[in-house]
Every structure is written in structure tokens, then in C-alpha cells.
$ cat run-v9.tsv   # TSV, C-alpha atoms
chain	number	residue	atom	x	y	z
A	1	GLU	CA	-18.03	81.22	108.56
A	2	LYS	CA	-17.12	78.43	106.17
A	3	PRO	CA	-13.55	78.42	104.80
A	4	LEU	CA	-12.97	78.24	101.07
A	5	ALA	CA	-10.16	75.77	101.82
A	6	ALA	CA	-8.49	74.33	104.90
A	7	ALA	CA	-5.15	72.67	105.52
A	8	SER	CA	-2.98	71.68	108.43
A	9	ILE	CA	-1.39	75.09	109.04
A	10	GLY	CA	-4.18	77.42	107.97
A	11	GLN	CA	-7.52	78.22	106.43
A	12	VAL	CA	-8.47	80.31	103.41
A	13	HIS	CA	-11.51	82.57	103.41
A	14	ARG	CA	-13.03	84.85	100.78
A	15	ALA	CA	-13.15	88.56	101.51
A	16	VAL	CA	-13.40	91.99	99.95
A	17	LEU	CA	-10.43	94.32	100.42
A	18	ALA	CA	-10.73	98.09	100.13
A	19	THR	CA	-7.84	99.33	97.97
A	20	PRO	CA	-7.02	102.68	96.31
A	21	ASP	CA	-8.27	101.09	93.06
A	22	GLY	CA	-11.60	100.14	94.65
A	23	ASP	CA	-12.90	97.02	96.34
A	24	GLN	CA	-11.09	93.83	95.32
A	25	GLU	CA	-12.23	90.25	95.78
A	26	VAL	CA	-9.48	88.44	97.66
A	27	VAL	CA	-8.75	85.30	99.56
A	28	VAL	CA	-7.28	85.60	103.02
A	29	LYS	CA	-5.06	82.79	104.24
A	30	VAL	CA	-4.97	82.74	108.04
A	31	GLN	CA	-2.53	80.67	110.06
A	32	ARG	CA	-4.05	78.48	112.75
A	33	PRO	CA	-3.37	79.70	116.31
A	34	ASN	CA	-0.26	78.16	117.89
A	35	VAL	CA	0.49	76.00	114.83
A	36	GLY	CA	4.11	77.23	114.92
A	37	ASP	CA	4.58	75.82	118.42
A	38	THR	CA	3.13	72.48	117.31
A	39	VAL	CA	5.44	72.36	114.29
A	40	VAL	CA	8.50	73.14	116.46
A	41	ARG	CA	7.62	70.30	118.87
A	42	ASP	CA	6.99	67.88	116.01
A	43	LEU	CA	10.28	68.82	114.36
A	44	GLU	CA	12.18	68.21	117.60
A	45	LEU	CA	10.69	64.70	117.73
A	46	LEU	CA	11.54	64.05	114.08
A	47	HIS	CA	15.15	65.18	114.61
A	48	MET	CA	15.49	62.88	117.63
A	49	MET	CA	13.92	59.94	115.78
A	50	ALA	CA	16.15	60.40	112.72
A	51	ALA	CA	19.29	60.49	114.88
A	52	ALA	CA	18.16	57.40	116.80
A	53	ILE	CA	17.41	55.51	113.58
A	54	GLU	CA	20.80	56.33	112.07
A	55	LYS	CA	22.54	55.29	115.28
A	56	ALA	CA	20.58	52.07	115.84
A	57	ILE	CA	20.42	50.97	112.19
A	58	PRO	CA	23.61	52.08	110.40
A	59	GLU	CA	22.29	50.76	107.07
A	60	THR	CA	19.74	53.59	107.01
A	61	ARG	CA	22.50	56.18	106.64
A	62	ILE	CA	22.47	55.74	102.86
A	63	TYR	CA	18.97	57.29	102.99
A	64	SER	CA	20.14	60.07	105.34
A	65	PRO	CA	17.18	60.28	107.73
A	66	ILE	CA	18.87	63.21	109.48
A	67	GLY	CA	19.33	65.04	106.17
A	68	LEU	CA	15.72	64.36	105.15
A	69	VAL	CA	14.42	65.79	108.42
A	70	GLN	CA	16.70	68.84	108.05
A	71	GLN	CA	15.34	69.46	104.56
A	72	PHE	CA	11.75	69.05	105.78
A	73	ASP	CA	12.51	71.39	108.71
A	74	ARG	CA	13.68	74.15	106.32
A	75	SER	CA	10.65	73.68	104.08
A	76	ILE	CA	7.95	73.64	106.77
A	77	THR	CA	9.58	76.50	108.68
A	78	ALA	CA	9.52	78.63	105.51
A	79	GLU	CA	5.85	77.72	104.98
A	80	LEU	CA	5.01	79.15	108.41
A	81	ASN	CA	6.01	82.61	107.21
A	82	PHE	CA	3.28	83.61	104.77
A	83	MET	CA	5.34	86.59	103.58
A	84	ILE	CA	7.73	84.09	101.97
A	85	GLU	CA	4.80	82.59	100.07
A	86	GLY	CA	3.91	86.06	98.84
A	87	GLU	CA	7.49	86.67	97.72
A	88	ASN	CA	7.47	83.32	95.91
A	89	GLY	CA	4.36	84.36	94.00
A	90	GLU	CA	5.97	87.63	92.97
A	91	ARG	CA	9.08	85.78	91.82
A	92	PHE	CA	7.02	83.33	89.75
A	93	ALA	CA	5.10	86.20	88.13
A	94	LYS	CA	8.36	87.97	87.25
A	95	ASN	CA	9.88	84.75	85.86
A	96	PHE	CA	6.92	84.30	83.49
A	97	GLU	CA	6.48	87.94	82.52
A	98	GLY	CA	6.77	88.43	78.76
A	99	THR	CA	7.17	84.71	77.98
A	100	PRO	CA	4.89	82.46	75.90
A	101	GLN	CA	4.14	80.41	79.03
A	102	GLY	CA	3.21	83.65	80.81
A	103	GLU	CA	0.13	83.78	78.57
A	104	VAL	CA	-1.21	80.51	80.00
A	105	VAL	CA	-0.30	80.71	83.71
A	106	ARG	CA	-1.06	83.16	86.52
A	107	PHE	CA	0.04	83.57	90.10
A	108	PRO	CA	-2.13	85.48	92.59
A	109	LYS	CA	-1.30	89.11	93.27
A	110	VAL	CA	-0.26	89.71	96.87
A	111	TYR	CA	-1.88	92.55	98.81
A	112	LYS	CA	1.04	93.37	101.10
A	113	GLN	CA	-0.86	96.11	102.93
A	114	ALA	CA	-3.18	93.41	104.34
A	115	SER	CA	-0.59	90.65	104.83
A	116	SER	CA	1.84	89.53	107.52
A	117	LYS	CA	3.72	86.41	108.59
A	118	LYS	CA	0.44	84.80	109.70
A	119	VAL	CA	-2.10	86.38	107.33
A	120	LEU	CA	-1.84	86.53	103.56
A	121	ALA	CA	-4.26	88.48	101.35
A	122	LEU	CA	-4.22	87.32	97.74
A	123	GLU	CA	-6.07	87.93	94.50
A	124	PHE	CA	-9.10	85.65	94.17
A	125	PHE	CA	-8.94	83.37	91.13
A	126	ASP	CA	-12.42	82.77	89.77
A	127	GLY	CA	-12.17	79.37	88.15
A	128	LEU	CA	-12.52	75.65	88.61
A	129	LYS	CA	-10.33	72.88	89.95
A	130	VAL	CA	-8.80	70.77	87.17
A	131	ASP	CA	-11.23	67.84	87.38
A	132	LYS	CA	-14.30	70.08	87.41
A	133	ALA	CA	-12.92	72.25	84.58
A	134	VAL	CA	-12.50	69.25	82.28
A	135	ALA	CA	-15.97	67.99	83.25
A	136	ALA	CA	-17.32	71.47	82.38
A	137	GLY	CA	-15.88	71.25	78.87
A	138	VAL	CA	-12.40	72.73	79.13
A	139	ASP	CA	-10.07	70.92	76.71
A	140	GLY	CA	-7.92	68.71	78.93
A	141	LYS	CA	-5.31	68.29	76.19
A	142	VAL	CA	-4.77	72.06	76.04
A	143	VAL	CA	-4.46	72.27	79.82
A	144	ALA	CA	-2.02	69.33	79.86
A	145	LYS	CA	0.12	70.76	77.04
A	146	ASN	CA	0.24	74.20	78.67
A	147	SER	CA	0.99	72.67	82.08
A	148	VAL	CA	3.96	70.76	80.69
A	149	GLY	CA	5.36	73.96	79.17
A	150	VAL	CA	4.94	75.79	82.49
A	151	VAL	CA	6.62	73.01	84.48
A	152	ILE	CA	9.51	72.71	82.01
A	153	LYS	CA	10.13	76.46	82.25
A	154	MET	CA	10.00	76.42	86.06
A	155	ILE	CA	12.38	73.50	86.43
A	156	PHE	CA	14.82	73.74	83.52
A	157	GLU	CA	14.92	77.45	82.79
A	158	ASP	CA	14.27	79.11	86.16
A	159	GLY	CA	15.38	76.42	88.63
A	160	PHE	CA	12.50	77.63	90.82
A	161	PHE	CA	9.34	75.56	90.83
A	162	HIS	CA	6.05	74.94	92.63
A	163	ALA	CA	6.78	71.95	94.87
A	164	ASP	CA	3.16	71.17	95.83
A	165	PRO	CA	1.26	71.06	92.50
A	166	HIS	CA	-1.62	68.77	93.52
A	167	PRO	CA	-5.06	69.35	91.91
A	168	GLY	CA	-6.24	71.47	94.86
A	169	ASN	CA	-3.53	74.02	94.09
A	170	ILE	CA	-4.44	74.42	90.42
A	171	ILE	CA	-7.32	76.62	89.27
A	172	ILE	CA	-8.39	76.68	85.63
A	173	MET	CA	-9.76	80.03	84.50
A	174	GLY	CA	-11.64	80.40	81.23
A	175	ARG	CA	-12.92	77.77	78.82
A	176	GLU	CA	-11.84	78.67	75.27
A	177	ALA	CA	-8.30	79.76	76.19
A	178	PRO	CA	-7.83	78.25	79.64
A	179	VAL	CA	-5.32	79.88	81.99
A	180	ILE	CA	-3.69	77.87	84.74
A	181	GLY	CA	-3.78	79.59	88.12
A	182	LEU	CA	-1.19	78.22	90.54
A	183	ILE	CA	-1.86	78.84	94.23
A	184	ASP	CA	-0.37	77.86	97.60
A	185	LEU	CA	3.17	78.85	96.73
A	186	GLY	CA	4.74	78.30	100.14
A	187	MET	CA	6.69	75.20	99.12
A	188	VAL	CA	9.11	75.79	96.25
$ encode --input "run-v9.tsv" --output "C-alpha cells"
Amino acid sequence: EKPLAAASIGQVHRAVLATPDGDQEVVVKVQRPNVGDTVVRDLELLHMMAAAIEKAIPETRIYSPIGLVQQFDRSITAELNFMIEGENGERFAKNFEGTPQGEVVRFPKVYKQASSKKVLALEFFDGLKVDKAVAAGVDGKVVAKNSVGVVIKMIFEDGFFHADPHPGNIIIMGREAPVIGLIDLGMV
């Protein structure tokens, strides 16, 4: 009845998924009804406004309002397809497999058999948000050092990185050897 998390395009709920390996604790991300239609209407308005701004105020062209809206359009449209988020998670996991940074970061497993464009079933990460983890005694310096290594690998080695790494999308698992769980991988 109460979502684990909520955002503009969806909600996340806890669930138990029956799998061939037994019951698995998961989170299920569900897209809000008709949110795609709302996004399409909003994007149309943004495209019109950007074109009007560039036409009326030529000086704004150096900031490329039209280009910014086009980039946002691509990003938000991709986020509406939860299967892309699942593919992003699989790509991240593969990029980190067998690396030193792969020991300190995890990405949720995707349960494709229970997922679609509008519903995404993912492994549940049992941990704490960053601020609560540090308050609970997790060494913040270790988390910070490991986070920097993960970000450097994503950006400079892989050229593929989490583009929405706010504290709500980071789960710290474990106390002695904390592992960084990165979630909400729709924006990369």
C-alpha cells in the first residue's frame, strides 16, 4: 500500500517474486498511468518554447535552447522505457565484472520474466541511504574513496556512467566492507 519510493514517472514497491531458484525479495518499479502522454505534451511545449526563445532572443543561441530540449527529450523518452533501465544495469554489471571496483559496487539484477516497458522487477538491495549509513557507523572515508574509484572507472574507462547519482539512488550495504549499490539506472 505504501511505496518504498516515489518519483515523477513511477513508484517502487517491495515484493516477493517466485523464481526457479525460489522466492526472491525484489522491488517492482511501476510507471504511473498515462505518464507517457503527459511527457509527450510537456516536450511539445518545451520544443515550442525553445524555438520561440531562439527566434525572439538571438543571443540565447550560444546556449542552444533547442539543442538542450532535444537532449532532454532523448533522455526522458529513454527513461519511459524501463527495459532500457534494465539493460543499463546489465551493462554496468558487465563493465565492473572482474575489476577492483567491482568488489565495492553492485547494480541490481533484473528479473526480465517479470519486467516490461512499464514495469521493472529488480533485486532488492538491503542497505541504508548514504547519510543514514554514515550515521550508523559506516566509514564515510571508505565510501567516498570507493565512490571516486567507481565514478572514475565509469567516466574515464567505460564512457558510460550513472547520470542521476543523488543520495536517494545510492544504497550502502554492509558496515565493515561497505558495498555501494547504485539504483535508478534509467539516465546514463
$ atom_distance --input "run-v9.tsv" --atom1 "atom CA of A:Ser147" --atom2 "atom CA of A:Gln101"
8.9 Å
$ atom_distance --input "run-v9.tsv" --atom1 "atom CA of A:Val16" --atom2 "atom CA of A:Glu90"
21.0 Å
$ closest_residue --input "run-v9.tsv" --among "A:Val179, A:Phe161, A:Ala6, A:Asp126" --to "A:Lys145" --atoms "only C-alpha atoms"
A:Val179
$ residues_around --input "run-v9.tsv" --residues "stretch 36-40 of chain A" --least-positions-apart "4" --cutoff "10 Å" --atoms "all atoms listed in the file" --output "MDAnalysis selection string"
chainID A and resid 9 31:32 44:46 73 76:77 80:81 118
$ atom_distance --input "run-v9.tsv" --atom1 "atom CA of A:Leu68" --atom2 "atom CA of A:Val12"
29.0 Å
